[in-house]
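*Asks:* I'd like to ask some things about the structure below.
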Amino acid sequence: MAVGFAITGSEGQYSGKITSFVVLSCLMASMGGDLFGYDNGITGGVTSMEPFLKKFFPEVYTRMKEDTEISNYCKFDSQLLTLFTSSLYIAGLIASFFASLVTAAYGRKPSILAGGAAFLAGAALGGAAVNIYMLIFGRVLLGVGVGFSNQAVPLYLSEMAPPKCRGAINNSFQFSVGIGALAANLINYGTEKIKGGSGWRISLAMAAFPASILTLGALFLPETPNSLIQRSSNHEKAKKMLQRVRGTDDVQAELDDLIKANDVSKTTKNPYKNIIQRKYRPQFVMSIAIPFFQQVTGINVIAFYAPILFRTIGLGISASLLSAVVTGVVGIGTTFISMLIVDKVGRRFLLIMGGIQMFVSQLTVGGIMAAKLGDHDGLNKSYAFLILVLICIYVAGFGISWGPLGWLIPSEIFPLEIRSAGQSISVGINFLFTFVVGQTFLSMLCHFKSGIFFFFGGWVAIMTAFVVLLLPETKNLPIEQMDRIWKEHWFWKKIVENNEEVLGKVDGESRNC
């Protein structure tokens, strides 16, 4: 059954419609985002629960309850506590490179399935943990799950989506991240009130719910036409899948482009070696810069440590958890808006507008905390509420821009021959700097104090300038024709054209010989 609008063959587009088959497949695959979001949301909540701290991090608990001399900014400064949070991302970093091999050799579906299964095992171990070693090993398994799913799901969504709505469909991954984080915040808010101190176990174990849905659903997911062509010389199966995905028999133009891209990819023996070649320089730079910038917006600081941050400014535990719920709702709402408009207004516009919004709100939060929050006294309620509003404005800016687009753009810019490797680099960089920011934030908060917001605000200014100068627009362009944008960009065309000139000279010399 086909629904939605037709995708014409003009301006480099292909024939087809948005089909219910694509919508249902992508909805199921995007559940991979729920895993990432749930973990981000649940971690900050449980690390602010006193029974959890008392059992696994007694030094932090004692410092929080009894040390009246310590600064508000330093109560939660513990390398072991941050290791609990960030160990997942080192595991995810390593797993994402193994996921690349699986995705290229066996398809996108097996990687999604493996991600769900590993996350399910990690949730069970975390919920049953009796010591810190069991707890962190559970986090490692969660990291393996997130590494596999984050590597495969954005690729799956971009390859299944018609070009004119690829942005909206791929942004469903970040929307699912937001849904997962909101669900986690609501669960934390409820389990914190459970008497007996076992609420944190329920919070950690409930991660098994989205993991179970993804694991079971992945069994029924179709493979993408791109992957079928990449792994088989018989293109008839891929053609039938493409016809089903696009809701039309007229798919020959798109199929020819996919086959052509696959033929080029077969000449690439080592994609990790090839991606550093000059002709792929723009994609290589973006595979590093975009995930790096996404993390130094400071968003995962809010995701991990929002309840701790709100406790730092003087809110109680329930108020802190409820405040995290509010920011989660804002993030989901603005990501949904981004889904609706990204293919109309484009990627660049949203990144620039979101960057400005984040920059202003971060500087304002930093200024208020510098002026009004001392080392020992909390903020009065009016200023605490104002900071909550400003953080919501900041989250809204991220939700409409760097949140969803930080996953969308890397998944759509790589040619097939380096796509799996490029996506792995992008996911790996994302995990690496998530780990770095997560592992250092509580120490940075202790030493920088309110200056932490000026630190991240400075990075937001840099990344916004990067977008203005170096990121071309990618909306509505078929994924297998994306190399055009670099040849038309004022800066990147110099690098790409110079490479073609060099190759032309080498080819001419070889013929003369």
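In the structure tokens, the first chain shown is A, the next is B, and so on; residue numbers restart at 1 for each chain, and ligands run from 1 in the order shown.
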Please identify all polymer residues within 9 Å of Thr43 (chain A), counting only C-alpha atoms, omitting same-chain residues fewer than 2 positions from it, and present them as a list in words.
*Replies:*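 My list of contacting residues is Tyr38, Asp39, Asn40, Gly41, Gly45, Val46, Thr47, Ser48, Phe84, Thr85, Ala184, Ser203, Leu204, Ala303, Phe304 and Tyr305 of chain A.
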*Asks:* Hey, can you spit out that residue selection with all heavy atoms as a tab-separated table (two decimals), in the first residue's frame?
*Replies:*
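Saved as result.tsv:
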chain	number	residue	atom	x	y	z
A	38	TYR	N	17.20	6.07	26.06
A	38	TYR	CA	16.85	5.55	27.38
A	38	TYR	C	18.07	5.51	28.29
A	38	TYR	O	18.01	5.91	29.46
A	38	TYR	CB	16.24	4.15	27.27
A	38	TYR	CG	15.71	3.64	28.60
A	38	TYR	CD1	14.40	3.90	28.99
A	38	TYR	CD2	16.52	2.91	29.47
A	38	TYR	CE1	13.92	3.46	30.21
A	38	TYR	CE2	16.05	2.48	30.70
A	38	TYR	CZ	14.75	2.74	31.05
A	38	TYR	OH	14.28	2.32	32.28
A	39	ASP	N	19.18	5.06	27.74
A	39	ASP	CA	20.38	4.99	28.57
A	39	ASP	C	20.84	6.38	28.99
A	39	ASP	O	21.22	6.60	30.14
A	39	ASP	CB	21.51	4.28	27.82
A	39	ASP	CG	22.75	4.15	28.67
A	39	ASP	OD1	22.79	3.25	29.51
A	39	ASP	OD2	23.65	4.99	28.53
A	40	ASN	N	20.83	7.34	28.04
A	40	ASN	CA	21.22	8.70	28.39
A	40	ASN	C	20.37	9.26	29.52
A	40	ASN	O	20.86	9.89	30.45
A	40	ASN	CB	21.10	9.63	27.17
A	40	ASN	CG	22.26	9.47	26.21
A	40	ASN	OD1	23.24	8.82	26.50
A	40	ASN	ND2	22.13	10.08	25.05
A	41	GLY	N	19.05	9.02	29.42
A	41	GLY	CA	18.15	9.56	30.41
A	41	GLY	C	18.22	8.85	31.75
A	41	GLY	O	18.16	9.49	32.81
A	45	GLY	N	19.58	10.03	36.12
A	45	GLY	CA	18.60	9.87	37.19
A	45	GLY	C	19.07	8.97	38.31
A	45	GLY	O	19.00	9.32	39.50
A	46	VAL	N	19.58	7.78	37.95
A	46	VAL	CA	19.98	6.84	39.00
A	46	VAL	C	21.21	7.34	39.75
A	46	VAL	O	21.38	7.06	40.94
A	46	VAL	CB	20.23	5.42	38.44
A	46	VAL	CG1	18.95	4.84	37.86
A	46	VAL	CG2	21.35	5.40	37.42
A	47	THR	N	22.09	8.10	39.06
A	47	THR	CA	23.28	8.59	39.75
A	47	THR	C	22.97	9.75	40.70
A	47	THR	O	23.85	10.21	41.43
A	47	THR	CB	24.37	9.05	38.75
A	47	THR	OG1	23.80	9.96	37.81
A	47	THR	CG2	24.96	7.86	38.02
A	48	SER	N	21.73	10.22	40.69
A	48	SER	CA	21.32	11.23	41.67
A	48	SER	C	20.47	10.62	42.78
A	48	SER	O	20.08	11.32	43.72
A	48	SER	CB	20.55	12.36	40.97
A	48	SER	OG	19.30	11.91	40.50
A	84	PHE	N	31.22	4.95	35.52
A	84	PHE	CA	29.95	4.24	35.36
A	84	PHE	C	29.18	4.80	34.17
A	84	PHE	O	28.64	4.06	33.35
A	84	PHE	CB	29.12	4.36	36.64
A	84	PHE	CG	27.66	4.01	36.44
A	84	PHE	CD1	27.27	2.70	36.25
A	84	PHE	CD2	26.69	5.00	36.43
A	84	PHE	CE1	25.93	2.38	36.05
A	84	PHE	CE2	25.35	4.70	36.23
A	84	PHE	CZ	24.98	3.38	36.05
A	85	THR	N	29.15	6.11	34.06
A	85	THR	CA	28.42	6.75	32.97
A	85	THR	C	29.10	6.53	31.63
A	85	THR	O	28.48	6.14	30.64
A	85	THR	CB	28.30	8.26	33.23
A	85	THR	OG1	27.57	8.48	34.43
A	85	THR	CG2	27.60	8.96	32.08
A	184	ALA	N	12.78	7.38	30.15
A	184	ALA	CA	13.71	7.14	31.26
A	184	ALA	C	13.52	8.15	32.38
A	184	ALA	O	13.51	7.79	33.57
A	184	ALA	CB	15.15	7.20	30.74
A	203	SER	N	14.72	1.03	37.26
A	203	SER	CA	15.12	1.97	36.21
A	203	SER	C	16.11	1.33	35.24
A	203	SER	O	15.98	1.45	34.02
A	203	SER	CB	15.75	3.21	36.84
A	203	SER	OG	14.80	3.98	37.53
A	204	LEU	N	17.12	0.65	35.78
A	204	LEU	CA	18.14	0.02	34.93
A	204	LEU	C	17.57	-1.17	34.16
A	204	LEU	O	17.86	-1.36	32.98
A	204	LEU	CB	19.34	-0.41	35.77
A	204	LEU	CG	20.16	0.72	36.41
A	204	LEU	CD1	21.31	0.14	37.24
A	204	LEU	CD2	20.72	1.66	35.34
A	303	ALA	N	21.91	15.57	29.20
A	303	ALA	CA	21.26	14.25	29.19
A	303	ALA	C	21.73	13.38	30.36
A	303	ALA	O	20.91	12.75	31.03
A	303	ALA	CB	21.56	13.55	27.86
A	304	PHE	N	23.06	13.34	30.58
A	304	PHE	CA	23.59	12.50	31.66
A	304	PHE	C	23.28	13.09	33.03
A	304	PHE	O	22.85	12.40	33.95
A	304	PHE	CB	25.12	12.40	31.59
A	304	PHE	CG	25.65	11.76	30.35
A	304	PHE	CD1	26.94	12.03	29.93
A	304	PHE	CD2	24.89	10.89	29.60
A	304	PHE	CE1	27.46	11.47	28.79
A	304	PHE	CE2	25.40	10.32	28.47
A	304	PHE	CZ	26.69	10.60	28.06
A	305	TYR	N	23.56	14.37	33.16
A	305	TYR	CA	23.69	14.96	34.49
A	305	TYR	C	22.65	16.03	34.80
A	305	TYR	O	22.82	16.81	35.74
A	305	TYR	CB	25.09	15.57	34.65
A	305	TYR	CG	26.21	14.57	34.49
A	305	TYR	CD1	27.18	14.71	33.51
A	305	TYR	CD2	26.29	13.45	35.32
A	305	TYR	CE1	28.21	13.80	33.36
A	305	TYR	CE2	27.31	12.53	35.17
A	305	TYR	CZ	28.27	12.70	34.19
A	305	TYR	OH	29.28	11.78	34.05
*Asks:* Near region 209-219 of chain A, counting only C-alpha atoms, which residues have an atom at most 8 Å away, once you skip same-chain residues fewer than 5 positions from it, shown as a PyMOL selection string?
*Replies:* chain A and resi 28-29+31-32+34-35+109-110+112-117+119-120
*Asks:* Please report as a Markdown table every residue of region 169-278 of chain A lying within 6 Å of region 416-431 of chain A, along with the nearest atom pair and their distance in Å (one decimal), using only C-alpha atoms.
*Replies:*
| residue | atom | partner | partner_atom | distance |
| --- | --- | --- | --- | --- |
| A:Ala261 | CA | A:Leu416 | CA | 6.0 |
| A:Ser265 | CA | A:Glu417 | CA | 3.6 |
| A:Pro271 | CA | A:Ile418 | CA | 5.1 |
| A:Tyr272 | CA | A:Ala421 | CA | 5.9 |
*Asks:* What does the structure give for the distance between CA of Gly199 (chain A) and CA of Ala324 (chain A), in Å to one decimal?
*Replies:* 17.2 Å
*Asks:* Quick one: distance from CA of Glu223 (chain A) to CA of Ala207 (chain A) in Å, one decimal?
*Replies:*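 Those two atoms sit 25.9 Å apart.
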*Asks:* Measuring atom to atom with only C-alpha atoms, identify which of A:Gly92, A:Gly346, A:Gly16, A:Gly44 is nearest to Ser149 (chain A).
*Replies:* A:Gly92
*Asks:* Please provide as a ChimeraX atom specification all residues within 9 Å of Lys55 (chain A), with the sequence filter that same-chain residues fewer than 4 positions apart are discarded (counting only C-alpha atoms).
*Replies:* /A:50-51,61,130-132
*Asks:* How close does each residue of region 406-457 of chain A get to region 157-177 of chain A, giving the shortest atom pair and distance in Å to one decimal for every residue with an atom at most 7 Å away, counting only C-alpha atoms, sorted by chain and residue number, as a tab-separated table?
*Replies:*
residue	atom	partner	partner_atom	distance
A:Leu408	CA	A:Asn170	CA	5.8
A:Ser411	CA	A:Ser158	CA	6.5
A:Glu412	CA	A:Ser158	CA	6.3
*Asks:* Mind writing the picked residues with N, CA and C atoms as a short mmCIF file (atom, residue, chain, number, x, y, z; two decimals), in the first residue's frame?
*Replies:*
data_model
loop_
_atom_site.label_atom_id
_atom_site.label_comp_id
_atom_site.auth_asym_id
_atom_site.auth_seq_id
_atom_site.Cartn_x
_atom_site.Cartn_y
_atom_site.Cartn_z
N LEU A 408 21.83 12.58 10.79
CA LEU A 408 21.37 12.56 9.40
C LEU A 408 22.49 12.82 8.40
N SER A 411 25.11 10.14 7.62
CA SER A 411 24.53 8.93 7.02
C SER A 411 24.18 9.11 5.55
N GLU A 412 24.16 10.35 5.04
CA GLU A 412 23.73 10.58 3.66
C GLU A 412 24.83 11.08 2.73
#
*Asks:* Can you work out the spacing between CA of Ala208 (chain A) and CA of Ala124 (chain A) in Å, to one decimal?
*Replies:*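 So the two atoms, CA of Ala208 (chain A) and CA of Ala124 (chain A), lie 6.9 Å apart.
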*Asks:* My list of candidates is A:Thr364, A:Thr297, A:Thr434, A:Thr334. Which is closest to Ala461 (chain A) when distances are computed with only C-alpha atoms?
*Replies:*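 Smallest separation from Ala461 (chain A) among the options: A:Thr297.
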*Asks:* At a cut-off of 12 Å, using only C-alpha atoms, what residues contact Lys487 (chain A)? Leave out same-chain residues fewer than 3 positions from it and give the result as a ChimeraX atom specification.
*Replies:* /A:279-282,472,481-484,490-500
*Asks:* Could the residues in this selection be saved with N, CA and C atoms as a CSV table (one decimal), in the first residue's frame?
*Replies:*
chain,number,residue,atom,x,y,z
A,279,LYS,N,40.1,12.6,-2.8
A,279,LYS,CA,38.8,12.7,-3.4
A,279,LYS,C,37.7,12.5,-2.4
A,280,TYR,N,38.0,11.9,-1.3
A,280,TYR,CA,37.0,11.7,-0.2
A,280,TYR,C,37.3,12.7,0.9
A,281,ARG,N,38.1,13.6,0.8
A,281,ARG,CA,38.5,14.5,1.9
A,281,ARG,C,37.3,15.3,2.5
A,282,PRO,N,36.4,15.8,1.7
A,282,PRO,CA,35.2,16.4,2.3
A,282,PRO,C,34.4,15.5,3.2
A,472,PRO,N,28.0,22.2,2.8
A,472,PRO,CA,27.0,22.4,1.7
A,472,PRO,C,25.6,21.9,2.1
A,481,GLN,N,23.9,10.3,-5.6
A,481,GLN,CA,24.4,11.5,-6.4
A,481,GLN,C,25.0,12.6,-5.5
A,482,MET,N,25.3,12.2,-4.3
A,482,MET,CA,25.7,13.3,-3.3
A,482,MET,C,27.1,13.9,-3.6
A,483,ASP,N,27.9,13.2,-4.5
A,483,ASP,CA,29.2,13.8,-4.7
A,483,ASP,C,29.1,15.1,-5.5
A,484,ARG,N,27.9,15.4,-6.0
A,484,ARG,CA,27.8,16.7,-6.7
A,484,ARG,C,28.0,17.9,-5.8
A,490,TRP,N,32.3,26.2,-2.8
A,490,TRP,CA,33.3,27.1,-3.1
A,490,TRP,C,34.7,26.7,-2.6
A,491,PHE,N,34.7,25.9,-1.5
A,491,PHE,CA,36.0,25.5,-0.9
A,491,PHE,C,36.3,24.0,-1.3
A,492,TRP,N,35.4,23.1,-1.2
A,492,TRP,CA,35.7,21.7,-1.4
A,492,TRP,C,35.9,21.4,-2.9
A,493,LYS,N,35.4,22.2,-3.8
A,493,LYS,CA,35.6,21.9,-5.2
A,493,LYS,C,37.1,22.1,-5.6
A,494,LYS,N,37.8,22.9,-4.9
A,494,LYS,CA,39.2,23.1,-5.1
A,494,LYS,C,40.0,21.8,-4.9
A,495,ILE,N,39.6,21.1,-3.8
A,495,ILE,CA,40.2,19.9,-3.4
A,495,ILE,C,39.8,18.7,-4.3
A,496,VAL,N,38.5,18.6,-4.6
A,496,VAL,CA,38.0,17.5,-5.4
A,496,VAL,C,38.5,17.7,-6.9
A,497,GLU,N,38.5,19.0,-7.4
A,497,GLU,CA,38.9,19.2,-8.8
A,497,GLU,C,40.4,19.0,-8.9
A,498,ASN,N,41.2,19.4,-8.0
A,498,ASN,CA,42.6,19.2,-8.0
A,498,ASN,C,43.0,17.7,-8.0
A,499,ASN,N,42.2,16.9,-7.3
A,499,ASN,CA,42.4,15.5,-7.3
A,499,ASN,C,42.1,14.9,-8.7
A,500,GLU,N,41.0,15.4,-9.3
A,500,GLU,CA,40.7,14.9,-10.6
A,500,GLU,C,41.7,15.3,-11.7
*Asks:* Let me make sure I understand: among A:Gln362, A:Ser25, A:Thr440, A:Ser96, which one has the smallest atom-to-atom distance to Thr224 (chain A) if we use only C-alpha atoms?
*Replies:* A:Ser25
*Asks:* Could you name the residues that touch Phe292 (chain A) at 12 Å or less, counting only C-alpha atoms, but leaving out those on the same chain fewer than 2 positions away, as a PyMOL selection string?
*Replies:* chain A and resi 285-290+294-299+402+406-407+410+425-437+459-460+462-463
*Asks:* Include C-alpha atoms and write out the residues we just selected as a short mmCIF file (atom, residue, chain, number, x, y, z; two decimals), in the first residue's frame.
*Replies:*
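What landed in result_35.cif:
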data_model
loop_
_atom_site.label_atom_id
_atom_site.label_comp_id
_atom_site.auth_asym_id
_atom_site.auth_seq_id
_atom_site.Cartn_x
_atom_site.Cartn_y
_atom_site.Cartn_z
CA VAL A 285 36.38 15.82 7.39
CA MET A 286 32.61 15.76 7.96
CA SER A 287 32.74 12.24 9.44
CA ILE A 288 34.98 13.66 12.18
CA ALA A 289 33.78 17.25 12.54
CA ILE A 290 30.02 16.71 12.72
CA GLN A 294 27.50 17.42 18.22
CA GLN A 295 29.14 16.34 21.48
CA VAL A 296 30.81 19.66 22.34
CA THR A 297 27.45 21.40 22.21
CA GLY A 298 27.33 20.03 25.76
CA ILE A 299 24.02 18.24 25.20
CA TRP A 402 22.48 19.34 15.91
CA GLY A 406 24.25 15.21 13.64
CA TRP A 407 23.04 11.71 12.71
CA PRO A 410 26.93 11.68 8.09
CA ILE A 425 34.18 6.63 11.90
CA SER A 426 31.33 9.04 12.53
CA VAL A 427 29.76 6.84 15.23
CA GLY A 428 33.19 6.10 16.72
CA ILE A 429 34.05 9.81 16.99
CA ASN A 430 30.64 10.41 18.54
CA PHE A 431 31.27 7.77 21.18
CA LEU A 432 34.84 8.91 21.79
CA PHE A 433 33.89 12.48 22.58
CA THR A 434 30.77 11.40 24.45
CA PHE A 435 33.16 9.44 26.65
CA VAL A 436 35.58 12.37 26.99
CA VAL A 437 32.83 14.87 27.85
CA TRP A 459 32.35 25.58 20.84
CA VAL A 460 28.81 26.30 19.64
CA ILE A 462 32.88 27.70 16.31
CA MET A 463 30.60 24.98 14.93
#
